[in-house]
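Shown next: entry.pdb, containing PDB, C-alpha atoms.
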ATOM      1  CA  MET A  17       0.000   0.000   0.000
ATOM      2  CA  SER A  18       1.280   3.448  -0.798
ATOM      3  CA  ILE A  19       1.828   5.934   2.014
ATOM      4  CA  GLY A  20      -1.020   8.100   0.712
ATOM      5  CA  TRP A  21      -3.602   5.557   1.904
ATOM      6  CA  TYR A  22      -2.267   5.708   5.435
ATOM      7  CA  LEU A  23      -2.358   9.505   5.342
ATOM      8  CA  ALA A  24      -5.961   9.372   4.156
ATOM      9  CA  VAL A  25      -6.923   7.133   7.099
ATOM     10  CA  SER A  26      -5.069   9.519   9.399
ATOM     11  CA  ALA A  27      -6.976  12.524   8.007
ATOM     12  CA  ILE A  28     -10.342  10.777   8.422
ATOM     13  CA  VAL A  29      -9.637   9.706  12.012
ATOM     14  CA  PHE A  30      -8.422  13.211  12.872
ATOM     15  CA  ALA A  31     -11.589  14.766  11.488
ATOM     16  CA  ILE A  32     -13.762  12.290  13.399
ATOM     17  CA  GLY A  33     -11.943  13.254  16.585
ATOM     18  CA  ALA A  34     -12.351  16.969  15.890
ATOM     19  CA  GLY A  35     -16.066  16.501  15.205
ATOM     20  CA  GLY A  36     -16.382  14.563  18.451
ATOM     21  CA  VAL A  37     -14.779  17.377  20.437
ATOM     22  CA  LEU A  38     -17.303  19.772  18.902
ATOM     23  CA  VAL A  39     -20.408  17.674  19.425
ATOM     24  CA  ARG A  40     -19.965  15.808  22.700
ATOM     25  CA  ARG A  41     -20.447  17.404  26.108
ATOM     26  CA  ASN A  42     -19.019  14.780  28.443
ATOM     27  CA  PRO A  43     -15.411  15.754  29.249
ATOM     28  CA  ILE A  44     -14.385  12.087  29.395
ATOM     29  CA  VAL A  45     -15.542  11.572  25.821
ATOM     30  CA  ILE A  46     -13.823  14.813  24.816
ATOM     31  CA  LEU A  47     -10.576  13.397  26.210
ATOM     32  CA  LEU A  48     -11.197  10.218  24.198
ATOM     33  CA  CYS A  49     -11.620  12.360  21.089
ATOM     34  CA  LEU A  50      -8.318  14.095  21.844
ATOM     35  CA  GLU A  51      -6.779  10.624  21.955
ATOM     36  CA  LEU A  52      -8.241   9.955  18.516
ATOM     37  CA  MET A  53      -6.630  13.099  17.134
ATOM     38  CA  LEU A  54      -3.260  12.295  18.708
ATOM     39  CA  ASN A  55      -3.459   8.776  17.308
ATOM     40  CA  ALA A  56      -4.189  10.145  13.855
ATOM     41  CA  ALA A  57      -1.130  12.381  14.140
ATOM     42  CA  ASN A  58       0.919   9.360  15.224
ATOM     43  CA  LEU A  59      -0.224   7.408  12.194
ATOM     44  CA  ALA A  60       0.820  10.250   9.898
ATOM     45  CA  LEU A  61       4.185  10.564  11.648
ATOM     46  CA  ILE A  62       4.886   6.859  11.331
ATOM     47  CA  GLY A  63       3.752   6.924   7.707
ATOM     48  CA  PHE A  64       6.220   9.694   6.936
ATOM     49  CA  SER A  65       8.891   7.854   8.896
ATOM     50  CA  ARG A  66       8.334   4.835   6.645
ATOM     51  CA  MET A  67       8.307   7.066   3.600
ATOM     52  CA  TRP A  68      11.828   8.316   4.272
ATOM     53  CA  GLY A  69      13.148   5.122   5.866
ATOM     54  CA  ASN A  70      14.155   7.206   8.869
ATOM     55  CA  GLY A  71      13.482   6.503  12.535
ATOM     56  CA  ASP A  72      13.017  10.128  13.588
ATOM     57  CA  GLY A  73       9.280  10.108  12.997
ATOM     58  CA  GLN A  74       8.904   7.057  15.209
ATOM     59  CA  VAL A  75      10.728   8.784  18.066
ATOM     60  CA  PHE A  76       8.418  11.764  17.568
ATOM     61  CA  ALA A  77       5.406   9.434  17.753
ATOM     62  CA  LEU A  78       6.776   7.932  20.973
ATOM     63  CA  VAL A  79       7.045  11.411  22.500
ATOM     64  CA  VAL A  80       3.461  12.080  21.402
ATOM     65  CA  ILE A  81       2.377   8.920  23.248
ATOM     66  CA  VAL A  82       4.134  10.169  26.397
ATOM     67  CA  VAL A  83       2.510  13.599  26.152
ATOM     68  CA  ALA A  84      -0.883  11.969  25.594
ATOM     69  CA  ALA A  85      -0.408   9.861  28.711
ATOM     70  CA  CYS A  86       0.396  13.008  30.739
ATOM     71  CA  GLU A  87      -2.605  14.825  29.323
ATOM     72  CA  VAL A  88      -4.892  11.931  30.197
ATOM     73  CA  THR A  89      -3.545  11.758  33.738
ATOM     74  CA  VAL A  90      -4.126  15.441  34.428
ATOM     75  CA  GLY A  91      -7.451  15.546  32.564
ATOM     76  CA  LEU A  92      -8.884  12.575  34.412
ATOM     77  CA  GLY A  93      -7.564  14.029  37.679
ATOM     78  CA  LEU A  94      -9.538  17.185  36.916
ATOM     79  CA  ILE A  95     -12.669  15.156  36.202
ATOM     80  CA  VAL A  96     -12.304  13.255  39.473
ATOM     81  CA  ALA A  97     -11.829  16.567  41.320
ATOM     82  CA  LEU A  98     -14.980  17.935  39.664
ATOM     83  CA  HIS A  99     -16.896  14.861  40.690
ATOM     84  CA  ARG A 100     -15.685  15.188  44.275
ATOM     85  CA  ARG A 101     -16.946  18.760  44.455
ATOM     86  CA  ARG A 102     -20.357  17.672  43.158
ATOM     87  CA  LEU A 103     -20.013  19.810  40.054
ATOM     88  CA  PRO A 104     -21.839  18.709  36.917
ATOM     89  CA  ILE A 105     -19.653  16.679  34.555
ATOM     90  CA  ASP A 106     -20.685  18.657  31.510
ATOM     91  CA  VAL A 107     -18.540  21.103  29.592
ATOM     92  CA  ASP A 108     -21.521  23.365  28.854
ATOM     93  CA  GLU A 109     -22.227  23.777  32.545
ATOM     94  CA  LEU A 110     -18.585  24.380  33.401
ATOM     95  CA  ARG A 111     -17.954  27.389  31.215
ATOM     96  CA  GLU A 112     -17.333  29.771  34.099
ATOM     97  CA  LEU A 113     -14.068  29.529  35.971
ATOM     98  CA  GLN A 114     -15.329  30.490  39.387
ATOM     99  CA  GLY A 115     -13.813  27.652  41.344
TER     100      GLY A 115
ATOM    101  CA  MET B   3      -2.092  -9.900   1.674
ATOM    102  CA  SER B   4      -0.831  -6.634   3.094
ATOM    103  CA  THR B   5      -3.557  -4.836   1.128
ATOM    104  CA  LEU B   6      -6.211  -6.988   2.780
ATOM    105  CA  VAL B   7      -4.723  -6.417   6.238
ATOM    106  CA  PHE B   8      -4.545  -2.698   5.548
ATOM    107  CA  PHE B   9      -8.193  -2.425   4.604
ATOM    108  CA  VAL B  10      -9.381  -4.532   7.526
ATOM    109  CA  ALA B  11      -7.296  -2.480   9.963
ATOM    110  CA  ALA B  12      -8.243   0.851   8.386
ATOM    111  CA  ILE B  13     -11.949   0.031   8.498
ATOM    112  CA  GLY B  14     -11.513  -1.122  12.092
ATOM    113  CA  ALA B  15      -9.754   2.110  13.037
ATOM    114  CA  ILE B  16     -12.382   4.324  11.406
ATOM    115  CA  THR B  17     -15.291   2.300  12.818
ATOM    116  CA  GLY B  18     -13.758   2.463  16.266
ATOM    117  CA  ALA B  19     -13.327   6.217  15.962
ATOM    118  CA  ILE B  20     -16.958   6.661  14.906
ATOM    119  CA  GLY B  21     -17.994   4.432  17.782
ATOM    120  CA  VAL B  22     -16.133   6.658  20.242
ATOM    121  CA  ILE B  23     -18.101   9.740  19.258
ATOM    122  CA  ALA B  24     -21.439   8.091  18.467
ATOM    123  CA  LEU B  25     -22.060   5.814  21.439
ATOM    124  CA  LYS B  26     -24.088   7.328  24.254
ATOM    125  CA  ASN B  27     -22.560   5.437  27.159
ATOM    126  CA  PRO B  28     -18.998   6.650  27.883
ATOM    127  CA  TYR B  29     -18.088   3.115  28.908
ATOM    128  CA  TYR B  30     -18.851   1.844  25.411
ATOM    129  CA  SER B  31     -16.911   4.777  23.972
ATOM    130  CA  VAL B  32     -13.855   3.607  25.900
ATOM    131  CA  LEU B  33     -14.325   0.068  24.584
ATOM    132  CA  ALA B  34     -14.625   1.413  21.027
ATOM    133  CA  LEU B  35     -11.356   3.253  21.606
ATOM    134  CA  VAL B  36      -9.703  -0.076  22.492
ATOM    135  CA  GLY B  37     -10.788  -1.508  19.144
ATOM    136  CA  HIS B  38      -9.569   1.611  17.380
ATOM    137  CA  MET B  39      -6.169   1.403  19.026
ATOM    138  CA  ILE B  40      -5.637  -2.260  18.278
ATOM    139  CA  SER B  41      -6.510  -1.643  14.619
ATOM    140  CA  LEU B  42      -4.099   1.268  14.625
ATOM    141  CA  ALA B  43      -1.377  -0.979  16.047
ATOM    142  CA  ALA B  44      -1.917  -3.289  13.067
ATOM    143  CA  LEU B  45      -1.421  -0.306  10.758
ATOM    144  CA  PHE B  46       1.786   0.563  12.623
ATOM    145  CA  LEU B  47       3.010  -2.993  12.063
ATOM    146  CA  LEU B  48       2.300  -2.653   8.338
ATOM    147  CA  LEU B  49       4.433   0.497   8.402
ATOM    148  CA  ARG B  50       7.234  -1.533  10.009
ATOM    149  CA  ALA B  51       7.044   0.268  13.351
ATOM    150  CA  GLU B  52       7.190  -2.830  15.527
ATOM    151  CA  PHE B  53       8.201  -1.129  18.726
ATOM    152  CA  LEU B  54       5.528   1.536  18.417
ATOM    153  CA  ALA B  55       2.866  -1.058  17.654
ATOM    154  CA  ALA B  56       3.812  -2.898  20.832
ATOM    155  CA  SER B  57       3.893   0.260  22.924
ATOM    156  CA  GLN B  58       0.564   1.360  21.452
ATOM    157  CA  VAL B  59      -1.036  -1.858  22.647
ATOM    158  CA  ILE B  60       0.713  -1.918  26.024
ATOM    159  CA  ILE B  61       0.562   1.783  26.968
ATOM    160  CA  TYR B  62      -2.663   2.871  25.323
ATOM    161  CA  ALA B  63      -4.845  -0.190  25.078
ATOM    162  CA  GLY B  64      -3.449  -1.343  28.403
ATOM    163  CA  ALA B  65      -2.557   1.352  30.896
ATOM    164  CA  VAL B  66      -4.378   4.444  29.648
ATOM    165  CA  ILE B  67      -7.601   2.575  28.956
ATOM    166  CA  VAL B  68      -7.561   1.066  32.441
ATOM    167  CA  LEU B  69      -7.361   4.627  33.795
ATOM    168  CA  TYR B  70     -10.329   5.636  31.645
ATOM    169  CA  VAL B  71     -12.367   2.635  32.712
ATOM    170  CA  PHE B  72     -11.736   3.384  36.377
ATOM    171  CA  VAL B  73     -12.707   7.037  36.022
ATOM    172  CA  VAL B  74     -15.822   6.204  34.002
ATOM    173  CA  SER B  75     -16.860   3.705  36.663
ATOM    174  CA  TYR B  76     -16.155   6.226  39.396
ATOM    175  CA  VAL B  77     -17.979   9.156  37.797
ATOM    176  CA  GLY B  78     -20.707   6.883  36.459
ATOM    177  CA  ASP B  79     -23.202   8.055  39.094
ATOM    178  CA  SER B  80     -23.579  11.413  37.415
ATOM    179  CA  ALA B  81     -24.448   9.817  34.083
ATOM    180  CA  PRO B  82     -28.096  10.997  34.100
ATOM    181  CA  ALA B  83     -26.839  14.567  33.879
ATOM    182  CA  LEU B  84     -25.171  13.643  30.618
ATOM    183  CA  GLY B  85     -28.311  12.380  28.966
ATOM    184  CA  GLN B  86     -29.249  15.560  27.156
ATOM    185  CA  GLU B  87     -28.727  15.283  23.472
ATOM    186  CA  PRO B  88     -26.731  17.933  21.709
ATOM    187  CA  SER B  89     -29.137  19.964  19.636
ATOM    188  CA  ARG B  90     -29.639  18.820  16.076
ATOM    189  CA  LEU B  91     -28.170  22.055  14.793
ATOM    190  CA  ALA B  92     -24.971  21.590  16.815
ATOM    191  CA  ALA B  93     -24.609  17.999  15.610
ATOM    192  CA  LEU B  94     -25.125  19.082  12.025
ATOM    193  CA  GLY B  95     -22.606  21.891  12.417
ATOM    194  CA  ALA B  96     -20.024  19.547  13.926
ATOM    195  CA  PHE B  97     -20.591  17.049  11.116
ATOM    196  CA  ALA B  98     -20.140  19.808   8.544
ATOM    197  CA  CYS B  99     -16.932  20.962  10.254
ATOM    198  CA  GLY B 100     -15.604  17.403  10.338
ATOM    199  CA  ALA B 101     -16.441  16.796   6.681
ATOM    200  CA  ALA B 102     -14.820  20.084   5.683
ATOM    201  CA  LEU B 103     -11.734  19.118   7.682
ATOM    202  CA  VAL B 104     -11.509  15.732   5.924
ATOM    203  CA  VAL B 105     -11.765  17.369   2.520
ATOM    204  CA  GLU B 106      -9.200  19.994   3.418
ATOM    205  CA  LEU B 107      -6.724  17.498   4.849
ATOM    206  CA  LEU B 108      -7.103  15.151   1.900
ATOM    207  CA  ILE B 109      -6.527  18.011  -0.523
ATOM    208  CA  ALA B 110      -3.522  19.156   1.512
ATOM    209  CA  VAL B 111      -1.966  15.697   1.786
ATOM    210  CA  LEU B 112      -2.885  13.883  -1.405
ATOM    211  CA  GLY B 113      -2.897  16.962  -3.597
ATOM    212  CA  SER B 114       0.509  18.069  -2.396
ATOM    213  CA  GLY B 115       2.131  16.549  -5.469
ATOM    214  CA  LEU B 116       4.743  14.780  -3.374
ATOM    215  CA  GLN B 117       6.113  11.932  -5.429
ATOM    216  CA  ALA B 118       6.899   9.772  -2.455
ATOM    217  CA  ILE B 119       3.399   9.413  -1.035
ATOM    218  CA  SER B 120       2.260   7.330  -3.987
ATOM    219  CA  HIS B 121       5.077   4.836  -3.415
ATOM    220  CA  ASP B 122       5.496   2.158  -0.824
ATOM    221  CA  GLY B 123       8.174   4.158   0.964
ATOM    222  CA  ALA B 124      11.902   3.838   1.237
ATOM    223  CA  PRO B 125      13.428   0.394   0.750
ATOM    224  CA  TYR B 126      13.244  -1.601   3.945
ATOM    225  CA  HIS B 127      16.481  -2.300   5.725
ATOM    226  CA  ALA B 128      16.799  -4.778   8.547
ATOM    227  CA  GLY B 129      16.469  -3.281  11.988
ATOM    228  CA  PHE B 130      14.178  -0.377  11.014
ATOM    229  CA  GLY B 131      11.653   0.301  13.771
ATOM    230  CA  THR B 132      12.943  -2.363  16.144
ATOM    231  CA  PRO B 133      13.358  -1.545  19.843
ATOM    232  CA  GLY B 134      17.110  -1.484  19.325
ATOM    233  CA  ALA B 135      16.941   1.133  16.594
ATOM    234  CA  ILE B 136      14.497   3.321  18.533
ATOM    235  CA  GLY B 137      16.561   2.968  21.707
ATOM    236  CA  THR B 138      19.733   3.979  19.913
ATOM    237  CA  LEU B 139      18.016   7.065  18.535
ATOM    238  CA  LEU B 140      16.518   7.947  21.920
ATOM    239  CA  LEU B 141      19.821   7.730  23.739
ATOM    240  CA  THR B 142      21.973   9.452  21.146
ATOM    241  CA  ARG B 143      20.271  11.950  18.888
ATOM    242  CA  PHE B 144      17.114  12.523  20.915
ATOM    243  CA  LEU B 145      18.530  12.383  24.411
ATOM    244  CA  ALA B 146      17.210  15.821  25.411
ATOM    245  CA  PRO B 147      13.583  15.133  24.331
ATOM    246  CA  PHE B 148      13.802  11.789  26.110
ATOM    247  CA  GLU B 149      14.856  13.410  29.399
ATOM    248  CA  ILE B 150      12.288  16.200  29.063
ATOM    249  CA  ALA B 151       9.571  13.613  28.445
ATOM    250  CA  SER B 152      10.523  11.817  31.634
ATOM    251  CA  TYR B 153      10.287  15.066  33.614
ATOM    252  CA  LEU B 154       6.920  15.741  32.001
ATOM    253  CA  LEU B 155       5.681  12.347  33.188
ATOM    254  CA  LEU B 156       6.882  13.099  36.710
ATOM    255  CA  VAL B 157       5.181  16.496  36.770
ATOM    256  CA  ALA B 158       1.959  15.023  35.389
ATOM    257  CA  ALA B 159       1.930  12.296  38.026
ATOM    258  CA  ILE B 160       2.394  14.809  40.832
ATOM    259  CA  GLY B 161      -0.214  17.110  39.303
ATOM    260  CA  ALA B 162      -2.772  14.332  39.025
ATOM    261  CA  VAL B 163      -2.254  13.278  42.637
ATOM    262  CA  THR B 164      -2.565  16.881  43.814
ATOM    263  CA  LEU B 165      -5.692  17.495  41.763
ATOM    264  CA  ALA B 166      -7.564  14.353  42.597
ATOM    265  CA  ARG B 167      -6.735  13.824  46.256
ATOM    266  CA  ARG B 168      -9.460  14.222  48.809
ATOM    267  CA  ARG B 169      -9.449  17.543  50.608
ATOM    268  CA  ARG B 170     -11.575  16.866  53.617
ATOM    269  CA  GLY B 171      -9.099  18.734  55.716
ATOM    270  CA  LEU B 172      -8.469  18.198  59.365
ATOM    271  CA  ASP B 173     -11.192  17.881  61.938
ATOM    272  CA  ASP B 174     -11.872  20.403  64.670
ATOM    273  CA  GLY B 175      -9.112  20.950  67.117
ATOM    274  CA  VAL B 176      -6.345  20.521  64.587
ATOM    275  CA  GLU B 177      -5.432  23.968  63.448
ATOM    276  CA  GLU B 178      -4.467  24.563  59.875
ATOM    277  CA  ARG B 179      -1.473  26.813  59.668
ATOM    278  CA  THR B 180      -0.690  29.333  57.025
ATOM    279  CA  PRO B 181       2.252  28.061  55.037
ATOM    280  CA  VAL B 182       4.890  30.553  56.208
ATOM    281  CA  LEU B 183       8.136  28.903  57.121
ATOM    282  CA  GLU B 184      10.337  30.246  59.873
ATOM    283  CA  LEU B 185      13.545  28.953  61.291
ATOM    284  CA  GLY B 186      11.741  27.750  64.410
ATOM    285  CA  ASP B 187       9.530  25.453  62.304
ATOM    286  CA  VAL B 188      12.415  23.111  61.842
ATOM    287  CA  PHE B 189      12.420  22.280  65.546
ATOM    288  CA  ARG B 190       8.667  22.323  66.117
ATOM    289  CA  THR B 191       6.650  19.138  65.977
ATOM    290  CA  ARG B 192       3.896  19.153  63.400
ATOM    291  CA  PRO B 193       0.205  19.047  64.331
ATOM    292  CA  ALA B 194      -1.129  15.551  64.749
ATOM    293  CA  ALA B 195      -1.825  13.633  61.564
ATOM    294  CA  THR B 196      -0.647  16.330  59.184
ATOM    295  CA  GLY B 197       1.515  15.225  56.360
ATOM    296  CA  THR B 198       0.030  11.757  56.500
ATOM    297  CA  MET B 199      -2.684   9.926  54.628
ATOM    298  CA  ALA B 200      -4.993  10.789  57.504
ATOM    299  CA  GLU B 201      -4.975  14.417  56.406
ATOM    300  CA  ALA B 202      -6.138  13.449  52.952
ATOM    301  CA  GLY B 203      -8.803  11.074  54.156
ATOM    302  CA  GLY B 204      -9.899  12.956  57.271
ATOM    303  CA  SER B 205      -8.417  12.412  60.678
ATOM    304  CA  ARG B 206     -11.526  10.947  62.253
ATOM    305  CA  GLY B 207     -10.670   7.756  63.993
ATOM    306  CA  VAL B 208      -6.991   8.450  64.114
ATOM    307  CA  SER B 209      -5.742   8.001  67.612
ATOM    308  CA  GLU B 210      -3.580  10.787  68.909
ATOM    309  CA  PRO B 211       0.038   9.762  69.122
TER     310      PRO B 211
END

As structure tokens, what does this structure read like?
Amino acid sequence: MSIGWYLAVSAIVFAIGAGGVLVRRNPIVILLCLELMLNAANLALIGFSRMWGNGDGQVFALVVIVVAACEVTVGLGLIVALHRRRLPIDVDELRELQG
Amino acid sequence: MSTLVFFVAAIGAITGAIGVIALKNPYYSVLALVGHMISLAALFLLLRAEFLAASQVIIYAGAVIVLYVFVVSYVGDSAPALGQEPSRLAALGAFACGAALVVELLIAVLGSGLQAISHDGAPYHAGFGTPGAIGTLLLTRFLAPFEIASYLLLVAAIGAVTLARRRRGLDDGVEERTPVLELGDVFRTRPAATGTMAEAGGSRGVSEP
């Protein structure tokens, strides 16, 4: 398969993730959609890495995985903190930063 | 054969992604994400990124998903508040944005006129994408990003613990002090049960030392 096919899959998955961030209101699902977008970027990076026969893109993808893990940890920590304070788990309700 | 595997994995990845955003129950969304990630790992294998395919399955489909499942189970009580549908207009707008993004990205990528993207990629040489090759790169050329990533993980772990810990505070009789340090503080004993797990969980039931 040519690299273009992989890039097409990556573009479609990225757009699905972006649409999910726009349409869903549960912050957990929004985090899942961020994961989708990061995964799409990883696929493109690895595709380009294969295209040039160079390992740099794979190292970049590994760093993206690490950053995604950090983002998930902090994001889910925020959601747990919200739940503890009996705040609604809904991004539309949480638009004011009044603590 | 690789064409067949590619199409199966690509359809699996896209179906999983649609499942993540379409399913109502966040628990099922997480399970759809597992399917998506395993399909994506198959695509990584087709691109000869063995180490990344393995770490995708172990880190994402293993560790990160377990974290999601725990949080979804924990927050699950407030699910009724999530029942409201997004308005039809918002859904339509998001769909239009997503479709426009697909078209734009496909034009940008496939219409770029790059010769190389219509080929199978550079000739494969043994050792490409193996743990050894990635490890050599990480410890020679990309040593600084590697170290910074490890600090980032440390900071994120501390941040998550600080954010999510219980703040019931201390019960009556144990005074909370303003955090101003003086030289005398070094020699003073701390109030009972501060700096312990009892502070996080409430000091009820903790016997005074």

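Interatomic distance, CA of Gly137 in chain B against CA of Ser26 in chain A: 25.7 Å.
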
Any chance you could tabulate, as a Markdown table, the residues of chain B at most 6 Å from chain A with each one's nearest atom pair and distance in Å to one decimal, using all atoms listed in the file, in chain and rising number order?
| residue | atom | partner | partner_atom | distance |
| --- | --- | --- | --- | --- |
| B:Ile23 | CA | A:Gly36 | CA | 5.2 |
| B:Ala93 | CA | A:Val39 | CA | 5.7 |
| B:Ala96 | CA | A:Gly35 | CA | 5.2 |
| B:Gly100 | CA | A:Ala31 | CA | 4.9 |
| B:Leu103 | CA | A:Ala31 | CA | 5.8 |
| B:Val104 | CA | A:Ala31 | CA | 5.6 |
| B:Leu107 | CA | A:Ala27 | CA | 5.9 |
| B:Ile119 | CA | A:Ile19 | CA | 4.9 |
| B:Ser120 | CA | A:Ser18 | CA | 5.1 |
| B:His121 | CA | A:Ser18 | CA | 4.8 |
| B:Asp122 | CA | A:Ser18 | CA | 4.4 |
| B:Gly123 | CA | A:Met67 | CA | 3.9 |
| B:Ala124 | CA | A:Gly69 | CA | 5.0 |
| B:Leu155 | CA | A:Cys86 | CA | 5.9 |
| B:Ala158 | CA | A:Cys86 | CA | 5.3 |
| B:Ala162 | CA | A:Val90 | CA | 4.9 |
| B:Leu165 | CA | A:Gly93 | CA | 5.7 |
| B:Ala166 | CA | A:Gly93 | CA | 4.9 |

*asked:* Once the PyMOL selection byres ((chain B and resi 45-49) around 8) has been evaluated on this model, what residues remain selected, and can you format them as JSON, numbers by chain?
replied: {"A": [59, 62, 63, 66], "B": [4, 8, 11, 12, 41, 42, 43, 44, 50, 51, 52, 54, 55]}

*To verify the selection step, state as JSON, numbers by chain which residues the PyMOL selection byres ((chain B and resi 27) around 10) yields on this input.*
{"A": [45], "B": [22, 24, 25, 26, 28, 29, 30, 31, 32, 74, 78, 81, 84, 85]}
